[in-house]
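Listing of protein20.pdb; format and content: PDB, C-alpha atoms.
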```
ATOM      1  CA  MET A  20      -9.451  -4.477  10.833  1.00  0.00           C
ATOM      2  CA  ASN A  21      -6.096  -2.872  10.113  1.00  0.00           C
ATOM      3  CA  TYR A  22      -5.170  -0.352   7.445  1.00  0.00           C
ATOM      4  CA  TRP A  23      -2.034  -0.187   5.326  1.00  0.00           C
ATOM      5  CA  LEU A  24      -0.331   1.644   2.500  1.00  0.00           C
ATOM      6  CA  VAL A  25       1.824  -0.066  -0.132  1.00  0.00           C
ATOM      7  CA  LYS A  26       4.005   1.702  -2.657  1.00  0.00           C
ATOM      8  CA  SER A  27       4.779   0.708  -6.216  1.00  0.00           C
ATOM      9  CA  GLU A  28       6.526   2.513  -9.011  1.00  0.00           C
ATOM     10  CA  PRO A  29       3.946   2.683 -11.815  1.00  0.00           C
ATOM     11  CA  PHE A  30       6.438   1.594 -14.479  1.00  0.00           C
ATOM     12  CA  LYS A  31       7.082  -1.593 -12.462  1.00  0.00           C
ATOM     13  CA  TYR A  32       3.523  -2.364 -11.345  1.00  0.00           C
ATOM     14  CA  SER A  33       0.773   0.204 -11.785  1.00  0.00           C
ATOM     15  CA  TRP A  34      -2.722   0.437 -10.350  1.00  0.00           C
ATOM     16  CA  GLU A  35      -4.022  -0.073 -13.905  1.00  0.00           C
ATOM     17  CA  LYS A  36      -2.045  -3.319 -14.308  1.00  0.00           C
ATOM     18  CA  PHE A  37      -3.218  -4.481 -10.866  1.00  0.00           C
ATOM     19  CA  ASN A  38      -6.832  -3.938 -11.955  1.00  0.00           C
ATOM     20  CA  GLN A  39      -6.224  -5.862 -15.195  1.00  0.00           C
ATOM     21  CA  ASP A  40      -4.678  -8.742 -13.217  1.00  0.00           C
ATOM     22  CA  GLY A  41      -7.484  -8.719 -10.626  1.00  0.00           C
ATOM     23  CA  ARG A  42      -5.212 -10.219  -7.971  1.00  0.00           C
ATOM     24  CA  THR A  43      -1.511 -10.211  -7.183  1.00  0.00           C
ATOM     25  CA  PHE A  44       0.973 -11.276  -4.574  1.00  0.00           C
ATOM     26  CA  TRP A  45       2.894  -8.313  -3.164  1.00  0.00           C
ATOM     27  CA  ASP A  46       6.533  -9.258  -3.738  1.00  0.00           C
ATOM     28  CA  GLY A  47       9.904  -7.571  -3.899  1.00  0.00           C
ATOM     29  CA  VAL A  48       9.915  -6.349  -0.290  1.00  0.00           C
ATOM     30  CA  ARG A  49      13.508  -6.475   0.953  1.00  0.00           C
ATOM     31  CA  ASN A  50      13.311  -4.325   4.055  1.00  0.00           C
ATOM     32  CA  TYR A  51      12.776  -6.012   7.421  1.00  0.00           C
ATOM     33  CA  GLN A  52      10.356  -3.410   8.762  1.00  0.00           C
ATOM     34  CA  ALA A  53       8.251  -3.594   5.578  1.00  0.00           C
ATOM     35  CA  ARG A  54       8.421  -7.416   5.744  1.00  0.00           C
ATOM     36  CA  ASN A  55       7.181  -7.344   9.336  1.00  0.00           C
ATOM     37  CA  ASN A  56       4.305  -5.143   8.204  1.00  0.00           C
ATOM     38  CA  LEU A  57       3.412  -7.726   5.534  1.00  0.00           C
ATOM     39  CA  LYS A  58       3.454 -10.405   8.236  1.00  0.00           C
ATOM     40  CA  ALA A  59       1.044  -8.320  10.334  1.00  0.00           C
ATOM     41  CA  MET A  60      -1.527  -8.010   7.525  1.00  0.00           C
ATOM     42  CA  LYS A  61      -4.709 -10.009   8.044  1.00  0.00           C
ATOM     43  CA  GLU A  62      -7.282 -11.221   5.543  1.00  0.00           C
ATOM     44  CA  GLY A  63      -9.825  -8.438   5.010  1.00  0.00           C
ATOM     45  CA  ASP A  64      -7.463  -5.573   5.908  1.00  0.00           C
ATOM     46  CA  LEU A  65      -7.700  -2.581   3.568  1.00  0.00           C
ATOM     47  CA  VAL A  66      -4.669  -1.210   1.742  1.00  0.00           C
ATOM     48  CA  LEU A  67      -4.067   2.103  -0.005  1.00  0.00           C
ATOM     49  CA  PHE A  68      -2.118   1.750  -3.268  1.00  0.00           C
ATOM     50  CA  TYR A  69       0.434   4.527  -3.751  1.00  0.00           C
ATOM     51  CA  HIS A  70       2.298   5.310  -6.973  1.00  0.00           C
ATOM     52  CA  SER A  71       5.838   6.205  -5.902  1.00  0.00           C
ATOM     53  CA  ASN A  72       8.540   8.178  -7.726  1.00  0.00           C
ATOM     54  CA  GLU A  73       6.296   8.876 -10.719  1.00  0.00           C
ATOM     55  CA  GLY A  74       2.933  10.404  -9.858  1.00  0.00           C
ATOM     56  CA  MET A  75       3.505  10.247  -6.101  1.00  0.00           C
ATOM     57  CA  CYS A  76      -0.140   9.781  -5.172  1.00  0.00           C
ATOM     58  CA  VAL A  77      -2.608   7.357  -3.636  1.00  0.00           C
ATOM     59  CA  VAL A  78      -4.671   5.995  -6.513  1.00  0.00           C
ATOM     60  CA  GLY A  79      -6.783   3.170  -5.108  1.00  0.00           C
ATOM     61  CA  VAL A  80      -7.880   0.808  -2.370  1.00  0.00           C
ATOM     62  CA  ALA A  81      -7.047  -2.903  -2.240  1.00  0.00           C
ATOM     63  CA  LYS A  82      -7.874  -5.702   0.183  1.00  0.00           C
ATOM     64  CA  VAL A  83      -5.746  -8.482   1.680  1.00  0.00           C
ATOM     65  CA  VAL A  84      -7.186 -11.821   0.537  1.00  0.00           C
ATOM     66  CA  LYS A  85      -4.369 -14.136   1.652  1.00  0.00           C
ATOM     67  CA  GLU A  86      -2.087 -13.652   4.629  1.00  0.00           C
ATOM     68  CA  PHE A  87       1.697 -13.888   4.407  1.00  0.00           C
ATOM     69  CA  TYR A  88       3.531 -16.819   2.866  1.00  0.00           C
ATOM     70  CA  GLN A  89       6.999 -17.442   1.403  1.00  0.00           C
ATOM     71  CA  ASP A  90       7.879 -15.035  -1.427  1.00  0.00           C
ATOM     72  CA  PRO A  91       7.817 -17.265  -4.535  1.00  0.00           C
ATOM     73  CA  THR A  92      10.347 -15.033  -6.308  1.00  0.00           C
ATOM     74  CA  THR A  93      13.186 -16.014  -3.947  1.00  0.00           C
ATOM     75  CA  ASP A  94      14.494 -19.054  -2.067  1.00  0.00           C
ATOM     76  CA  ASP A  95      15.449 -16.820   0.870  1.00  0.00           C
ATOM     77  CA  THR A  96      12.977 -17.690   3.637  1.00  0.00           C
ATOM     78  CA  ASN A  97      13.339 -14.217   5.179  1.00  0.00           C
ATOM     79  CA  TRP A  98      10.964 -12.722   2.610  1.00  0.00           C
ATOM     80  CA  VAL A  99       7.179 -13.047   2.393  1.00  0.00           C
ATOM     81  CA  VAL A 100       4.251 -11.862   0.290  1.00  0.00           C
ATOM     82  CA  VAL A 101       0.515 -11.329   0.781  1.00  0.00           C
ATOM     83  CA  ASP A 102      -2.198 -11.569  -1.852  1.00  0.00           C
ATOM     84  CA  LEU A 103      -4.142  -8.416  -2.687  1.00  0.00           C
ATOM     85  CA  VAL A 104      -7.172  -7.657  -4.853  1.00  0.00           C
ATOM     86  CA  PRO A 105      -8.216  -4.197  -6.080  1.00  0.00           C
ATOM     87  CA  VAL A 106     -11.365  -2.797  -4.475  1.00  0.00           C
ATOM     88  CA  GLU A 107     -11.841   0.753  -5.694  1.00  0.00           C
ATOM     89  CA  THR A 108     -10.123   3.431  -7.766  1.00  0.00           C
ATOM     90  CA  LEU A 109     -10.088   6.835  -6.096  1.00  0.00           C
ATOM     91  CA  LYS A 110     -12.079   9.439  -7.998  1.00  0.00           C
ATOM     92  CA  ASN A 111      -9.241  11.895  -7.436  1.00  0.00           C
ATOM     93  CA  PRO A 112      -5.689  10.663  -6.770  1.00  0.00           C
ATOM     94  CA  VAL A 113      -4.380  12.048  -3.473  1.00  0.00           C
ATOM     95  CA  THR A 114      -0.927  13.536  -3.971  1.00  0.00           C
ATOM     96  CA  LEU A 115       1.964  13.491  -1.542  1.00  0.00           C
ATOM     97  CA  ALA A 116       1.783  17.299  -1.515  1.00  0.00           C
ATOM     98  CA  GLN A 117      -1.873  17.137  -0.391  1.00  0.00           C
ATOM     99  CA  ILE A 118      -0.982  14.635   2.320  1.00  0.00           C
ATOM    100  CA  LYS A 119       1.911  16.759   3.589  1.00  0.00           C
ATOM    101  CA  ALA A 120      -0.297  19.877   3.628  1.00  0.00           C
ATOM    102  CA  ASP A 121      -3.054  18.220   5.690  1.00  0.00           C
ATOM    103  CA  ASP A 122      -2.679  18.690   9.466  1.00  0.00           C
ATOM    104  CA  ARG A 123      -4.584  15.458  10.108  1.00  0.00           C
ATOM    105  CA  LEU A 124      -1.946  13.523   8.141  1.00  0.00           C
ATOM    106  CA  LYS A 125       1.224  15.160   9.493  1.00  0.00           C
ATOM    107  CA  ASP A 126       2.280  12.030  11.440  1.00  0.00           C
ATOM    108  CA  ILE A 127       1.550   9.523   8.665  1.00  0.00           C
ATOM    109  CA  SER A 128       4.357   7.042   7.958  1.00  0.00           C
ATOM    110  CA  LEU A 129       4.408   8.108   4.307  1.00  0.00           C
ATOM    111  CA  VAL A 130       5.743  11.477   5.455  1.00  0.00           C
ATOM    112  CA  ARG A 131       7.909  10.294   8.375  1.00  0.00           C
ATOM    113  CA  GLN A 132       9.393   7.186   6.699  1.00  0.00           C
ATOM    114  CA  GLY A 133       9.165   8.005   3.019  1.00  0.00           C
ATOM    115  CA  ARG A 134      11.331   5.111   1.827  1.00  0.00           C
ATOM    116  CA  LEU A 135       9.303   2.385   3.565  1.00  0.00           C
ATOM    117  CA  SER A 136       7.309   0.411   0.971  1.00  0.00           C
ATOM    118  CA  VAL A 137       4.703  -1.191   3.262  1.00  0.00           C
ATOM    119  CA  MET A 138       3.412   0.816   6.199  1.00  0.00           C
ATOM    120  CA  PRO A 139       0.562   0.789   8.711  1.00  0.00           C
ATOM    121  CA  LEU A 140      -2.040   3.545   8.839  1.00  0.00           C
ATOM    122  CA  GLN A 141      -4.375   4.650  11.579  1.00  0.00           C
ATOM    123  CA  ALA A 142      -8.083   4.310  10.712  1.00  0.00           C
ATOM    124  CA  ALA A 143      -8.442   8.106  10.828  1.00  0.00           C
ATOM    125  CA  GLU A 144      -5.519   8.533   8.381  1.00  0.00           C
ATOM    126  CA  PHE A 145      -6.998   5.965   6.005  1.00  0.00           C
ATOM    127  CA  ASP A 146     -10.421   7.623   6.185  1.00  0.00           C
ATOM    128  CA  ARG A 147      -8.963  11.099   5.627  1.00  0.00           C
ATOM    129  CA  ILE A 148      -7.118   9.998   2.492  1.00  0.00           C
ATOM    130  CA  LEU A 149     -10.329   8.421   1.166  1.00  0.00           C
ATOM    131  CA  GLU A 150     -12.143  11.687   1.916  1.00  0.00           C
ATOM    132  CA  LEU A 151      -9.515  13.661  -0.007  1.00  0.00           C
ATOM    133  CA  GLY A 152      -9.803  11.225  -2.915  1.00  0.00           C
ATOM    134  CA  SER A 153     -13.580  11.385  -3.276  1.00  0.00           C
TER     135      SER A 153
END
```
Output the structure of this file as structure tokens.
Amino acid sequence: MNYWLVKSEPFKYSWEKFNQDGRTFWDGVRNYQARNNLKAMKEGDLVLFYHSNEGMCVVGVAKVVKEFYQDPTTDDTNWVVVDLVPVETLKNPVTLAQIKADDRLKDISLVRQGRLSVMPLQAAEFDRILELGS
């Protein structure tokens, strides 16, 4: 199993809206590195959901339920989506400040490549964020 983090601005697509929908395809990715990360996602992989710009915190866990396919919002075949379902809301959102202050998370992509919208995580990083959020 692999672990990931996806970012969404809450005013565009929030964790609350995702839970209401129950399932979504993750669209709007227009960065090749982020696209390649979507292509690497496998069914069953776990994904941290991060509110960017506003809130700036990990708020929940999702799961990949359908591997990459053509982004239905564009005719450009360069772009893909995956389907995600919500799994669990964190008891306590984990802020970017908490992540930056934690020595075990100092090399996380969220800190090193802050503008990347879809990024891989190490299992230990994923587990640490869940620990901070419990």
query: Which residues fall under the PyMOL selection byres ((chain A and resi 118-134) around 9) in this file, as a list in words?
result: Leu24, Cys76, Val113, Thr114, Leu115, Ala116, Gln117, Leu135, Ser136, Met138, Pro139, Leu140, Gln141, Ala143, Glu144, Arg147, Ile148 and Leu151 of chain A
query: Do you have the CA of Pro112 (chain A)-CA of Gly41 (chain A) distance handy?
result: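 Separation between CA of Pro112 (chain A) and CA of Gly41 (chain A): 19.8 Å.
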field: Residue nearest Phe145 (chain A) - candidates A:Ala53, A:Leu67, A:Leu109, A:Val25, atoms counted: only C-alpha atoms
entry: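 Once distances to Phe145 (chain A) are computed over only C-alpha atoms, the minimum belongs to A:Leu67.
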message: Evaluate the PyMOL selection byres ((chain A and resi 65) around 9) against this structure - the residues, as a list in words, please.
response: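 When the PyMOL selection byres ((chain A and resi 65) around 9) is applied, the selected residues are Met20, Asn21, Tyr22, Trp23, Leu24, Glu62, Gly63, Asp64, Val66, Leu67, Val80, Ala81, Lys82, Val83, Val106 and Phe145 of chain A.
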Using C-alpha atoms, can you export the residues from the last selection as a PDB file, keeping the file's coordinate frame?
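Result file follows (again_31.pdb):
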```pdb
ATOM      1  CA  MET A  20      -9.451  -4.477  10.833  1.00  0.00           C
ATOM      2  CA  ASN A  21      -6.096  -2.872  10.113  1.00  0.00           C
ATOM      3  CA  TYR A  22      -5.170  -0.352   7.445  1.00  0.00           C
ATOM      4  CA  TRP A  23      -2.034  -0.187   5.326  1.00  0.00           C
ATOM      5  CA  LEU A  24      -0.331   1.644   2.500  1.00  0.00           C
ATOM      6  CA  GLU A  62      -7.282 -11.221   5.543  1.00  0.00           C
ATOM      7  CA  GLY A  63      -9.825  -8.438   5.010  1.00  0.00           C
ATOM      8  CA  ASP A  64      -7.463  -5.573   5.908  1.00  0.00           C
ATOM      9  CA  VAL A  66      -4.669  -1.210   1.742  1.00  0.00           C
ATOM     10  CA  LEU A  67      -4.067   2.103  -0.005  1.00  0.00           C
ATOM     11  CA  VAL A  80      -7.880   0.808  -2.370  1.00  0.00           C
ATOM     12  CA  ALA A  81      -7.047  -2.903  -2.240  1.00  0.00           C
ATOM     13  CA  LYS A  82      -7.874  -5.702   0.183  1.00  0.00           C
ATOM     14  CA  VAL A  83      -5.746  -8.482   1.680  1.00  0.00           C
ATOM     15  CA  VAL A 106     -11.365  -2.797  -4.475  1.00  0.00           C
ATOM     16  CA  PHE A 145      -6.998   5.965   6.005  1.00  0.00           C
TER      17      PHE A 145
END
```
task: Go through A:Glu150, A:Glu35, A:Lys26, A:Arg49 one by one, measure the shortest atom-to-atom distance of each to Thr92 (chain A) using all atoms listed in the file, and give the residue with the smallest value.
output: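 Counting all atoms listed in the file, the residue closest to Thr92 (chain A) is A:Arg49.
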task: Could you jot down the CA of Tyr51 (chain A) to CA of Val137 (chain A) separation for me, Å, one decimal place?
output: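 According to the coordinates, CA of Tyr51 (chain A) and CA of Val137 (chain A) are separated by 10.3 Å.
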message: Once the PyMOL selection byres ((chain A and resi 103) around 8) has been evaluated on this model, what residues remain selected, and can you format them as number ranges by chain?
response: A: 42-45, 81-85, 101-102, 104-105
task: Would you kindly return, as a ChimeraX atom specification, each protein, DNA or RNA residue with an atom no farther than 12 Å from any atom of Asp95 (chain A), considering only C-alpha atoms and excluding same-chain residues fewer than 5 positions away?
output: /A:47-49,89-90
task: Please indicate the distance in Å from CA of Gly152 (chain A) to CA of Gly79 (chain A), rounded to one decimal place.
output: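 Calculated distance between CA of Gly152 (chain A) and CA of Gly79 (chain A) is 8.9 Å.
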query: So, counting all atoms listed in the file, which residue among A:Asn50, A:Thr93, A:Asn55, A:Ser27 is closest to Asn72 (chain A)?
result: A:Ser27
- prompt: Using all atoms listed in the file, which of A:Val100, A:Gly74, A:Asp94, A:Ser33 sits nearest Leu57 (chain A)?
  reply: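 Among A:Val100, A:Gly74, A:Asp94, A:Ser33, it is A:Val100 that comes nearest to Leu57 (chain A).
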